[in-house]
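Step one of this worksheet: look at the structure below.
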Amino acid sequence: MGRHLGIFSCTMIIVGTIIGTGIFSTPSSILGSVGSVGASLMLWLLGFILSFCGLFIWLEFGTMFPRSGGEKVYLEAVYQKPKHLATFFFAANAIVLGFSSSGCIMVDMCSSILVTAGHATDLWVTRGIALSVIVFAILLHGLAPRAGVWLMNVLSMLKIVILLFIVVSGWVVLSGRTRVQDPYANFRDAFAGSSNSSNDYATAALKVLYTYSGWSRLNYVLNDVKNPVRTLKIAAPLGFSICAVLYVLANISYFAASTKEEITETGVTVASLFFKNVFGPEAQKALTLFVALRTFGIVHSSVPELAKEGIPLPFGNRFWASNWPTRKSPFPGLVMHMLISAIVIIAPPLAVAYPFILDVETYPEVIVNFLVVVGLLWLRWRRPHLARPIKVWWPSAVFFLAATVFLLVTPFLRPQNGVGDTPPLPYYLYCLVSIGVVAGGILYWAIWHVVPRWFGYEYGLRKDTLSDGTVVMVYTRQSLQ
């Protein structure tokens with residue numbers, strides 16, 4: 001189709017990617033971490049500023065290297081030695097930690113649906129229903145991709161409508177014309193109870209950044225963008241700003257409709273509590289069902305694209321890169337996504353599954369962000385004459401770098417309550433899991449690029465074309481002599 005995405009389409013891509021289940025779910029965990037409404041709102045504003053700085057760093061990279069691929073392209077451009085190490089590092093994060101937190105939301109939603117329907121909730125019954133939904137979603141997208149895309153588009157539009165509805169309803173609540181008795185209660189002495197622990201703020205900030213994630217999505221499809229420089233300058237800041245304004249207003253709506261205690265005790269879906277307090281239990285059931293259905297639109301996998309790029313995977317790259325059996329969707333890669341999501345649903349303790357998985361998903365992104373901004377500053381120093389149609393203000397880059405260092409270090413400091421937000425799991429466990437994955441990626445690179453040289457051979461890449469026309473890079477053994 002060539003370069004067919006204009007300003008409006010690119011803006012909608014960013015808005016549709018950023019607005020997900022996070023804004024309906026994470027505010028309760030964030031408030032629970034920082035302890036006060038005022039600190040929570042300040043953290044949402046700080047997350048906006050930090051993400052906005054990151055956005056322009058990615059814009060500078062995107063205009064320097066105007067091709068699809070995002071962080072993978074930028075890491076490969078900066079960290080060229082050792083050869084392919086940056087690619088394996090990125091692939092480890094994308095494959096092992098590329099699952100979606102929607103699985104954990106799905107478990108909570110199944111439990112809520114059973115309760116509202118008058119049925120008892122059993123741990124394994126709830127998990128079994130969630131697994132069944134994930135399996136059905138994978139089969140739908142893998143075997144009937146047109147139906148899957150249609151459902152995804154409908155649910156994506158519906159989530160934006162619901163978010164707008166929550167924002168407008170919040171204005172009505174603040175006017176005093178609803179069943180909410182005192183909509184301003186949370187805004188009096190708004191900073192009372194604020195945490196004094198840097199760990200609590202770092203953990204909460206990771207959740208805020210997770211909810212804002214998606215602002216770099218255009219960098220993955222630059223090959224399809226018309227006039228990339230002009231389009232990026234307009235669409236990226238516009239789309240992200242729309243989402244940020246809606247997010248802050250949505251949080252104000254949540255705090256106007258519910259007490260701080262209700263929000264922190266509600267579990268995952270604070271939007272469900274909002275609908276209950278403003279419109280009644282029936283509206284709560286409808287919102288709960290929507291968030292559960294939204295899981296069908298969050299199925300994606302990085303495995304096929306990474307397999308095409310030549311990352312050596314079990315059973316061979318041809319299998320994972322193929323569009324078998326429909327020739328229209330990467331079913332094998334979606335199965336990999338399903339297996340990892342199943343582990344995410346089953347393994348963590350149910351009470352802390354969602355915040356733990358959010359932290360595990362987001363911490364590696366901070367590691368990648370740190371490497372990207374360091375790479376940007378390195379290129380400014382070593383290659384100052386490289387064409388940069390968009391150039392980020394250097395204090396913004398330094399601020400972004402300082403923030404990423406803070407987010408990398410402070411989660412290891414003991415939190416104020418001594419246990420963090422995922423007891424009985426250690427508060428630093430998610431950091432160790434993320435670092436372990438990174439170390440695993442480096443070890444996997446060494447197995448393919450260092451160990452073979454000890455035995456007198458190496459692996460090179462060559463192109464191969466599958467029966468469905470897919471072009472894939474595969475590793476072939478070559479002698480060093």
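Residues in the structure tokens are numbered from 1 in each chain, the chains being A, B, ... in the order shown, and ligands are numbered from 1 in the order shown.
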Requested in this report: Find the spatial neighbours of stretch 246-248 of chain A, counting only C-alpha atoms, within a cut-off of 7 Å - ignore same-chain residues fewer than 4 positions away - and output them as a list of chain:residue names.
Outcome: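 Returned residues: A:Ile23, A:Trp44, A:Ile242, A:Ile252.
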Could you save the residues just selected, with N, CA, C and O atoms, as a PDB file, in the first residue's frame?
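Saved the output as part_32.pdb:
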ATOM      1  N   ILE A  23      -6.226   2.593  31.987  1.00  0.00           N
ATOM      2  CA  ILE A  23      -6.872   3.739  32.606  1.00  0.00           C
ATOM      3  C   ILE A  23      -8.126   3.326  33.369  1.00  0.00           C
ATOM      4  O   ILE A  23      -8.579   4.034  34.276  1.00  0.00           O
ATOM      5  N   TRP A  44       0.395  11.482  37.889  1.00  0.00           N
ATOM      6  CA  TRP A  44      -0.146  11.408  36.523  1.00  0.00           C
ATOM      7  C   TRP A  44       0.373  12.573  35.673  1.00  0.00           C
ATOM      8  O   TRP A  44       0.693  12.399  34.493  1.00  0.00           O
ATOM      9  N   ILE A 242      -3.978  14.496  23.675  1.00  0.00           N
ATOM     10  CA  ILE A 242      -5.398  14.154  23.832  1.00  0.00           C
ATOM     11  C   ILE A 242      -5.566  13.095  24.911  1.00  0.00           C
ATOM     12  O   ILE A 242      -6.416  13.204  25.802  1.00  0.00           O
ATOM     13  N   ILE A 252      -9.770  12.497  37.904  1.00  0.00           N
ATOM     14  CA  ILE A 252     -10.568  13.434  38.700  1.00  0.00           C
ATOM     15  C   ILE A 252     -11.992  12.909  38.849  1.00  0.00           C
ATOM     16  O   ILE A 252     -12.601  12.992  39.927  1.00  0.00           O
TER      17      ILE A 252
END
Requested in this report: Skip A:Thr87 itself and residues of its chain fewer than 2 positions away, then list as a ChimeraX atom specification all residues within 8 Å of it, counting only C-alpha atoms.
Outcome: /A:72,75-76,84-85,89-91,311
**Report entry** Point-to-point distance from atom CA of A:Gly70 to atom CA of A:Gly54, Å rounded to tenths
**Finding:** 12.8 Å
Requested in this report: Write out as a ChimeraX atom specification all residues of stretch 249-422 of chain A that DSSP puts in helix (DSSP H, G or I) for this structure's backbone.
Outcome: /A:249-257,260-265,270-279,281-297,303-309,317-321,331-346,350-382,394-412
Query raised in the report: Hey, which of A:Leu386, A:Leu461, A:Leu163, A:Leu432 ends up closest to A:Leu249? Count only C-alpha atoms.
Result: A:Leu163
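Atom CA of A:Thr404 is found 7.1 Å from atom CA of A:Asn369.
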Query raised in the report: A:Ala244, A:Ala202, A:Leu407, A:Ala321: which is nearest A:Gly469, counting only C-alpha atoms?
Result: A:Ala321
Query raised in the report: With distances taken over only C-alpha atoms, which of A:Val471, A:Ile367, A:Ile343, A:Val409 is nearest to A:Ser434?
Result: A:Ile367
Query - Interatomic distance (Å, one decimal) between atom CA of A:Gly316 and atom CA of A:Ile138 - result: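 If I compute the distance from atom CA of A:Gly316 to atom CA of A:Ile138, I get 21.3 Å.
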